[in-house]
$ cat upload09.cif   # mmCIF, C-alpha atoms
data_final
#
loop_
_atom_site.label_atom_id
_atom_site.label_comp_id
_atom_site.auth_asym_id
_atom_site.auth_seq_id
_atom_site.Cartn_x
_atom_site.Cartn_y
_atom_site.Cartn_z
CA MET A 1 -11.16 -10.88 8.06
CA ARG A 2 -11.15 -7.52 9.84
CA LYS A 3 -9.48 -6.85 13.19
CA LYS A 4 -9.06 -3.77 15.35
CA PHE A 5 -5.87 -2.82 17.15
CA SER A 6 -5.10 0.30 19.13
CA PHE A 7 -1.53 1.59 19.42
CA ALA A 8 -1.26 0.04 22.90
CA ALA A 9 -2.59 -3.28 21.72
CA ILE A 10 -0.12 -3.40 18.85
CA ALA A 11 2.76 -2.82 21.24
CA ALA A 12 1.52 -5.57 23.54
CA VAL A 13 1.34 -8.15 20.78
CA ALA A 14 4.33 -7.08 18.70
CA ALA A 15 5.96 -10.48 18.93
CA LEU A 16 2.82 -12.28 17.84
CA ALA A 17 2.33 -9.85 14.96
CA LEU A 18 5.38 -11.30 13.25
CA SER A 19 3.58 -14.57 12.60
CA ALA A 20 2.30 -15.57 9.17
CA CYS A 21 -0.86 -14.02 7.72
CA GLY A 22 -4.08 -15.72 8.77
CA GLY A 23 -7.33 -16.36 6.95
CA GLY A 24 -6.62 -19.70 5.32
CA GLY A 25 -4.86 -18.40 2.19
CA THR A 26 -1.23 -18.41 1.13
CA PRO A 27 0.74 -15.50 2.71
CA ALA A 28 1.37 -12.71 0.21
CA ALA A 29 5.14 -12.85 0.68
CA SER A 30 5.23 -16.39 -0.69
CA SER A 31 3.26 -15.50 -3.83
CA SER A 32 6.02 -13.45 -5.48
CA GLY A 33 6.61 -14.46 -9.06
CA SER A 34 3.63 -16.84 -9.23
CA ALA A 35 0.31 -16.35 -10.97
CA LEU A 36 -2.75 -15.97 -8.77
CA ASP A 37 -5.02 -18.98 -8.48
CA PRO A 38 -8.66 -18.29 -7.48
CA THR A 39 -8.88 -21.80 -6.01
CA LYS A 40 -5.97 -21.02 -3.67
CA PRO A 41 -6.39 -17.35 -2.76
CA VAL A 42 -3.39 -15.47 -1.39
CA THR A 43 -3.98 -13.62 1.87
CA VAL A 44 -2.89 -9.99 1.86
CA LYS A 45 -2.59 -8.58 5.37
CA VAL A 46 -3.24 -4.84 5.30
CA ALA A 47 -2.94 -2.29 8.11
CA ALA A 48 -5.51 0.49 7.74
CA SER A 49 -7.14 3.37 9.56
CA PRO A 50 -10.68 2.38 10.65
CA ILE A 51 -12.50 5.06 8.63
CA PRO A 52 -12.62 5.19 5.67
CA HIS A 53 -9.67 2.96 4.75
CA ALA A 54 -10.78 -0.26 6.46
CA GLN A 55 -14.33 0.30 5.23
CA ILE A 56 -13.12 0.58 1.64
CA LEU A 57 -10.99 -2.54 2.05
CA GLN A 58 -13.94 -4.40 3.54
CA PHE A 59 -16.01 -3.42 0.49
CA VAL A 60 -13.29 -4.87 -1.72
CA GLN A 61 -13.15 -8.06 0.35
CA ASP A 62 -16.92 -8.53 0.32
CA ASN A 63 -17.58 -7.60 -3.29
CA LEU A 64 -14.48 -7.83 -5.48
CA THR A 65 -12.11 -10.54 -4.26
CA LYS A 66 -14.13 -13.54 -5.44
CA ASP A 67 -12.25 -15.17 -8.32
CA SER A 68 -9.46 -12.56 -7.96
CA GLY A 69 -6.95 -14.93 -6.37
CA ILE A 70 -6.63 -12.87 -3.18
CA THR A 71 -8.36 -12.51 0.17
CA LEU A 72 -7.83 -9.71 2.68
CA ASP A 73 -6.85 -9.75 6.34
CA ILE A 74 -7.66 -6.19 7.41
CA VAL A 75 -6.00 -4.93 10.60
CA GLU A 76 -7.42 -1.63 11.86
CA MET A 77 -4.91 0.71 13.51
CA ASP A 78 -6.00 3.97 15.10
CA ASP A 79 -2.75 5.95 14.92
CA TYR A 80 -0.38 7.22 12.22
CA ILE A 81 2.79 5.45 13.44
CA THR A 82 2.04 1.75 13.84
CA PRO A 83 0.93 1.04 10.24
CA ASN A 84 4.40 1.93 8.94
CA THR A 85 6.34 0.21 11.72
CA SER A 86 4.22 -2.90 11.14
CA LEU A 87 5.02 -2.78 7.42
CA GLN A 88 8.70 -2.30 8.18
CA ASP A 89 8.88 -5.31 10.52
CA LYS A 90 6.80 -7.44 8.11
CA SER A 91 3.86 -7.82 10.48
CA VAL A 92 1.71 -6.80 7.50
CA ASP A 93 2.11 -6.95 3.73
CA ALA A 94 0.84 -3.45 3.00
CA ASN A 95 -0.82 -0.46 4.59
CA TYR A 96 -3.49 1.99 3.52
CA PHE A 97 -3.74 5.19 5.57
CA GLN A 98 -1.29 7.83 4.29
CA HIS A 99 -0.51 10.30 1.52
CA GLU A 100 2.73 11.08 -0.32
CA PRO A 101 3.95 14.07 1.77
CA TYR A 102 3.52 12.08 4.99
CA LEU A 103 5.17 8.97 3.55
CA LYS A 104 8.08 11.03 2.26
CA ALA A 105 8.61 12.74 5.63
CA GLN A 106 8.42 9.45 7.54
CA SER A 107 10.76 7.70 5.10
CA GLU A 108 13.34 10.46 5.49
CA GLU A 109 13.07 10.33 9.28
CA LYS A 110 12.85 6.56 9.78
CA GLY A 111 14.72 5.26 6.74
CA TYR A 112 11.76 3.33 5.37
CA LYS A 113 12.15 1.78 1.91
CA PHE A 114 8.55 1.67 0.75
CA ALA A 115 6.78 1.92 -2.59
CA HIS A 116 3.20 2.97 -3.28
CA GLY A 117 0.41 2.95 -5.83
CA ALA A 118 -1.64 5.79 -7.26
CA GLY A 119 -4.05 7.81 -5.13
CA ILE A 120 -7.27 6.05 -4.12
CA HIS A 121 -9.17 8.66 -2.13
CA LEU A 122 -8.82 12.08 -0.55
CA GLU A 123 -10.04 13.12 2.89
CA PRO A 124 -10.25 16.91 2.66
CA ILE A 125 -9.00 18.70 5.75
CA SER A 126 -11.54 21.17 7.08
CA ALA A 127 -11.97 23.61 9.95
CA TYR A 128 -14.88 22.91 12.29
CA SER A 129 -16.48 25.03 14.98
CA ASP A 130 -19.59 24.73 17.13
CA LYS A 131 -19.35 28.44 17.93
CA TYR A 132 -18.86 30.19 14.57
CA THR A 133 -20.28 29.65 11.08
CA SER A 134 -17.37 30.91 8.99
CA ALA A 135 -13.62 31.34 9.33
CA ALA A 136 -14.06 35.09 8.87
CA ASP A 137 -16.10 35.18 12.10
CA LEU A 138 -13.24 33.81 14.24
CA PRO A 139 -12.28 36.58 16.70
CA GLU A 140 -8.79 37.96 17.06
CA GLY A 141 -6.70 35.82 19.39
CA SER A 142 -8.89 32.73 18.95
CA THR A 143 -7.46 29.39 20.04
CA ILE A 144 -7.37 26.88 17.20
CA ALA A 145 -6.59 23.17 17.61
CA ILE A 146 -4.28 21.81 14.92
CA THR A 147 -2.41 18.56 14.21
CA ASN A 148 1.22 18.15 15.29
CA ASP A 149 1.95 16.12 12.12
CA ALA A 150 4.14 18.43 10.02
CA SER A 151 2.78 17.61 6.55
CA ASN A 152 -0.85 17.86 7.59
CA GLN A 153 -0.14 20.94 9.70
CA VAL A 154 0.93 22.98 6.66
CA ARG A 155 -2.11 21.64 4.89
CA SER A 156 -4.29 22.83 7.79
CA LEU A 157 -2.76 26.30 7.76
CA LYS A 158 -3.47 26.54 4.04
CA VAL A 159 -7.15 25.82 4.72
CA LEU A 160 -7.26 29.02 6.77
CA GLN A 161 -5.26 30.83 4.12
CA ASP A 162 -7.79 29.82 1.47
CA ALA A 163 -10.51 31.11 3.80
CA GLY A 164 -8.77 34.50 3.87
CA VAL A 165 -7.67 34.62 7.51
CA LEU A 166 -3.98 33.66 7.10
CA ASN A 167 -1.52 34.95 4.50
CA ASN A 168 1.40 33.64 2.43
CA ILE A 169 1.68 30.20 4.06
CA THR A 170 4.62 28.19 2.70
CA ASP A 171 5.50 24.51 3.01
CA THR A 172 8.12 25.36 5.64
CA ASP A 173 5.78 27.26 7.95
CA THR A 174 4.73 25.78 11.29
CA ALA A 175 1.80 26.63 13.50
CA LEU A 176 4.00 27.53 16.46
CA ALA A 177 6.19 29.82 14.35
CA ILE A 178 3.22 32.00 13.42
CA SER A 179 1.11 31.53 16.57
CA GLY A 180 -0.12 34.56 18.50
CA ASP A 181 1.81 37.72 17.69
CA ALA A 182 4.87 35.86 16.35
CA ASN A 183 4.13 36.79 12.73
CA ALA A 184 1.57 39.53 12.16
CA GLU A 185 1.97 39.38 8.39
CA LYS A 186 1.02 35.70 8.12
CA ASN A 187 -1.36 35.65 11.09
CA PRO A 188 -2.96 39.12 11.30
CA LYS A 189 -5.71 38.00 13.69
CA LYS A 190 -3.13 36.57 16.11
CA PHE A 191 -4.71 33.11 16.30
CA VAL A 192 -3.15 30.90 18.97
CA PHE A 193 -2.48 27.39 17.65
CA ASN A 194 -2.51 24.40 19.99
CA GLU A 195 -0.70 21.38 18.54
CA MET A 196 -1.78 17.83 19.37
CA ASN A 197 -2.13 14.37 17.89
CA PRO A 198 -4.72 14.35 15.08
CA GLU A 199 -7.00 11.90 16.87
CA VAL A 200 -7.19 14.40 19.75
CA VAL A 201 -7.79 17.48 17.57
CA VAL A 202 -11.34 16.43 16.74
CA GLN A 203 -12.19 16.22 20.45
CA GLN A 204 -11.35 19.91 20.86
CA ILE A 205 -14.31 21.07 18.76
CA LYS A 206 -16.55 20.94 21.84
CA ASP A 207 -14.00 22.59 24.14
CA PRO A 208 -15.41 25.98 25.22
CA LYS A 209 -11.91 27.50 25.05
CA VAL A 210 -11.30 26.38 21.46
CA ALA A 211 -12.80 28.47 18.66
CA ALA A 212 -12.12 25.95 15.90
CA ALA A 213 -10.34 22.69 15.14
CA ILE A 214 -8.76 21.75 11.82
CA VAL A 215 -8.89 18.03 11.13
CA ASN A 216 -9.10 15.31 8.47
CA GLY A 217 -12.52 14.13 7.41
CA ASN A 218 -11.90 10.57 8.64
CA PHE A 219 -11.55 11.74 12.26
CA VAL A 220 -14.77 13.74 11.97
CA LEU A 221 -16.53 10.64 10.66
CA SER A 222 -15.13 8.46 13.46
CA ALA A 223 -16.20 10.98 16.11
CA LYS A 224 -19.66 11.30 14.50
CA ILE A 225 -19.42 15.09 14.50
CA ASP A 226 -22.55 16.56 12.95
CA LEU A 227 -21.28 20.00 11.97
CA LYS A 228 -20.74 21.72 8.65
CA PRO A 229 -17.14 22.90 8.21
CA ILE A 230 -16.40 26.61 8.35
CA ALA A 231 -13.50 26.23 5.88
CA VAL A 232 -12.75 23.37 3.47
CA GLU A 233 -9.62 22.27 1.63
CA SER A 234 -9.80 22.42 -2.15
CA ALA A 235 -9.62 19.05 -3.93
CA GLU A 236 -8.21 20.54 -7.14
CA ASN A 237 -4.61 19.42 -7.86
CA ASN A 238 -4.41 18.07 -4.32
CA PRO A 239 -1.28 15.99 -3.51
CA TYR A 240 -2.77 14.45 -0.37
CA ALA A 241 -4.61 11.47 -1.84
CA ASN A 242 -4.21 8.29 0.22
CA PHE A 243 -2.75 5.19 -1.42
CA LEU A 244 -1.67 1.59 -0.86
CA VAL A 245 1.91 1.21 0.41
CA TRP A 246 4.17 -1.85 0.41
CA ARG A 247 7.84 -2.67 0.97
CA GLU A 248 10.12 -1.66 -1.90
CA GLY A 249 10.84 -4.62 -4.17
CA GLU A 250 7.92 -6.65 -2.79
CA GLU A 251 5.10 -5.73 -5.15
CA THR A 252 3.81 -9.28 -5.43
CA PRO A 253 1.03 -10.34 -7.82
CA ALA A 254 -1.33 -10.26 -4.83
CA ILE A 255 -0.36 -6.66 -3.96
CA LYS A 256 -0.78 -5.64 -7.60
CA LYS A 257 -4.22 -7.23 -7.70
CA LEU A 258 -5.31 -5.44 -4.52
CA ASP A 259 -4.13 -2.09 -5.87
CA GLU A 260 -5.99 -2.80 -9.11
CA LEU A 261 -9.21 -3.56 -7.22
CA LEU A 262 -8.86 -0.41 -5.12
CA HIS A 263 -8.86 1.61 -8.36
CA SER A 264 -11.91 -0.09 -9.83
CA ALA A 265 -15.11 1.63 -10.95
CA GLU A 266 -16.90 -0.26 -8.19
CA VAL A 267 -14.73 1.31 -5.47
CA LYS A 268 -15.17 4.77 -6.96
CA ALA A 269 -18.94 4.36 -6.95
CA TYR A 270 -18.85 3.00 -3.39
CA ILE A 271 -16.93 6.03 -2.12
CA GLU A 272 -19.27 8.48 -3.84
CA LYS A 273 -22.37 6.70 -2.50
CA THR A 274 -21.09 6.17 1.04
CA TRP A 275 -19.83 9.73 1.57
CA PRO A 276 -22.18 12.02 -0.39
CA ASP A 277 -21.17 14.98 1.80
CA LYS A 278 -17.65 14.61 0.33
CA ASN A 279 -15.81 14.00 3.60
CA VAL A 280 -14.17 11.33 1.43
CA ILE A 281 -13.82 11.67 -2.35
CA PRO A 282 -12.30 9.39 -5.03
CA ALA A 283 -8.84 10.37 -6.30
CA PHE A 284 -9.07 8.52 -9.60
#
$ encode --input "upload09.cif" --output "structure tokens"
Amino acid sequence: MRKKFSFAAIAAVAALALSACGGGGTPAASSSGSALDPTKPVTVKVAASPIPHAQILQFVQDNLTKDSGITLDIVEMDDYITPNTSLQDKSVDANYFQHEPYLKAQSEEKGYKFAHGAGIHLEPISAYSDKYTSAADLPEGSTIAITNDASNQVRSLKVLQDAGVLNNITDTDTALAISGDANAEKNPKKFVFNEMNPEVVVQQIKDPKVAAAIVNGNFVLSAKIDLKPIAVESAENNPYANFLVWREGEETPAIKKLDELLHSAEVKAYIEKTWPDKNVIPAF
């Protein structure tokens, strides 16, 4: 089963979301401590970003869950807040949309007690422009759209650093702190950074006032942007792989099985075949 919910829709049905998992199987929460039975599959309700997370989960559901003892109820969520709040209030059993730096920051801010598996895939952050073909071509004072999410913002700044147009970016730097003429050493070309929600950043690529936008590959895929990036994040030793997350102390046999399937050779091959341009790459 695969469902789509926007942030507004989730808020509107919050009370209903607390009901038991659907799909005809046993809810995952009730399977703790019991062996999985393929004749009575346990339903695992998972919140996921539409692309590529829900697609990967759908591949697992369609191709790998038979005889596994689990079935998936996939709930698509198009923002970065609701998947964790839904996990916290037990509307879902797990989520699949985030990486370790983001989870750590959100847990410190919100007090979440979550656990996670190993990395499944990476969505490299890249800079895109419909006006310039390389980061080096960006004029002095260019306006650049960037995410307002702190962990991914530093990541975005480092993309420009790797491209040679920013200098000495640290994990504590923010776009606003170095924007314009605020820090000539780190931002010698005086780029002006406009912060916004990540789902909005991708829309700025076509804005005539915006020279470039730095965004995750999944948003580019969702927006069907047909542009080659002008700067790309390196995948080597990258800590931003996305993984499956569940409530601490609630790693049921069904959750373990799902995490196992997500790290299968079949999933790795599916990712490589589905995204040959490497907007999404396996992390295992």
$ residues_around --input "upload09.cif" --residues "segment 201-205 of chain A" --least-positions-apart "6" --cutoff "9 Å" --atoms "all atoms listed in the file" --output "list in words"
Tyr128, Ser129, Asp130, Lys131, Ile144, Ala145, Ile146, Thr147, Glu195, Ala211, Ala212, Ala213, Ile214, Val215, Asn216, Phe219, Val220, Ala223 and Ile225 of chain A
$ resolve_selection --input "upload09.cif" --expression "the PyMOL selection byres ((chain A and resi 81) around 12)" --output "compact mmCIF listing (two decimals) with C-alpha atoms, in the frame of the given file"
# COMPACT_ATOMS: atom_id res chain seq x y z
CA SER A 6 -5.10 0.30 19.13
CA PHE A 7 -1.53 1.59 19.42
CA ALA A 8 -1.26 0.04 22.90
CA ILE A 10 -0.12 -3.40 18.85
CA ALA A 11 2.76 -2.82 21.24
CA ALA A 47 -2.94 -2.29 8.11
CA ALA A 48 -5.51 0.49 7.74
CA SER A 49 -7.14 3.37 9.56
CA MET A 77 -4.91 0.71 13.51
CA ASP A 78 -6.00 3.97 15.10
CA ASP A 79 -2.75 5.95 14.92
CA TYR A 80 -0.38 7.22 12.22
CA THR A 82 2.04 1.75 13.84
CA PRO A 83 0.93 1.04 10.24
CA ASN A 84 4.40 1.93 8.94
CA THR A 85 6.34 0.21 11.72
CA SER A 86 4.22 -2.90 11.14
CA LEU A 87 5.02 -2.78 7.42
CA GLN A 88 8.70 -2.30 8.18
CA ASN A 95 -0.82 -0.46 4.59
CA PHE A 97 -3.74 5.19 5.57
CA GLN A 98 -1.29 7.83 4.29
CA TYR A 102 3.52 12.08 4.99
CA LEU A 103 5.17 8.97 3.55
CA GLN A 106 8.42 9.45 7.54
CA SER A 107 10.76 7.70 5.10
CA LYS A 110 12.85 6.56 9.78
CA ASP A 149 1.95 16.12 12.12
CA ASN A 197 -2.13 14.37 17.89
CA PRO A 198 -4.72 14.35 15.08
$ closest_residue --input "upload09.cif" --among "A:Asp62, A:Glu248, A:Asp89, A:Glu233" --to "Ser126 of chain A" --atoms "all atoms listed in the file"
A:Glu233
$ resolve_selection --input "upload09.cif" --expression "the PyMOL selection byres ((chain A and resi 53) around 9)" --output "ChimeraX atom specification"
/A:48-52,54-58,76,96-97,121,218,242
$ write_last_selection --input "upload09.cif" --atoms "C-alpha atoms" --output "short mmCIF file (atom, residue, chain, number, x, y, z; two decimals), keeping the file's coordinate frame"
data_model
loop_
_atom_site.label_atom_id
_atom_site.label_comp_id
_atom_site.auth_asym_id
_atom_site.auth_seq_id
_atom_site.Cartn_x
_atom_site.Cartn_y
_atom_site.Cartn_z
CA ALA A 48 -5.51 0.49 7.74
CA SER A 49 -7.14 3.37 9.56
CA PRO A 50 -10.68 2.38 10.65
CA ILE A 51 -12.50 5.06 8.63
CA PRO A 52 -12.62 5.19 5.67
CA ALA A 54 -10.78 -0.26 6.46
CA GLN A 55 -14.33 0.30 5.23
CA ILE A 56 -13.12 0.58 1.64
CA LEU A 57 -10.99 -2.54 2.05
CA GLN A 58 -13.94 -4.40 3.54
CA GLU A 76 -7.42 -1.63 11.86
CA TYR A 96 -3.49 1.99 3.52
CA PHE A 97 -3.74 5.19 5.57
CA HIS A 121 -9.17 8.66 -2.13
CA ASN A 218 -11.90 10.57 8.64
CA ASN A 242 -4.21 8.29 0.22
#
$ residues_around --input "upload09.cif" --residues "Pro38 of chain A" --least-positions-apart "6" --cutoff "10 Å" --atoms "all atoms listed in the file" --output "mmCIF file with C-alpha atoms, keeping the file's coordinate frame"
data_model
loop_
_atom_site.group_PDB
_atom_site.id
_atom_site.type_symbol
_atom_site.label_atom_id
_atom_site.label_comp_id
_atom_site.auth_asym_id
_atom_site.auth_seq_id
_atom_site.Cartn_x
_atom_site.Cartn_y
_atom_site.Cartn_z
ATOM 1 C CA THR A 65 -12.110 -10.540 -4.260
ATOM 2 C CA LYS A 66 -14.130 -13.540 -5.440
ATOM 3 C CA ASP A 67 -12.250 -15.170 -8.320
ATOM 4 C CA SER A 68 -9.460 -12.560 -7.960
ATOM 5 C CA GLY A 69 -6.950 -14.930 -6.370
ATOM 6 C CA ILE A 70 -6.630 -12.870 -3.180
ATOM 7 C CA THR A 71 -8.360 -12.510 0.170
#
$ residues_around --input "upload09.cif" --residues "Thr172 of chain A" --least-positions-apart "6" --cutoff "10 Å" --atoms "all atoms listed in the file" --output "list in words"
Ala150, Ser151 and Val154 of chain A
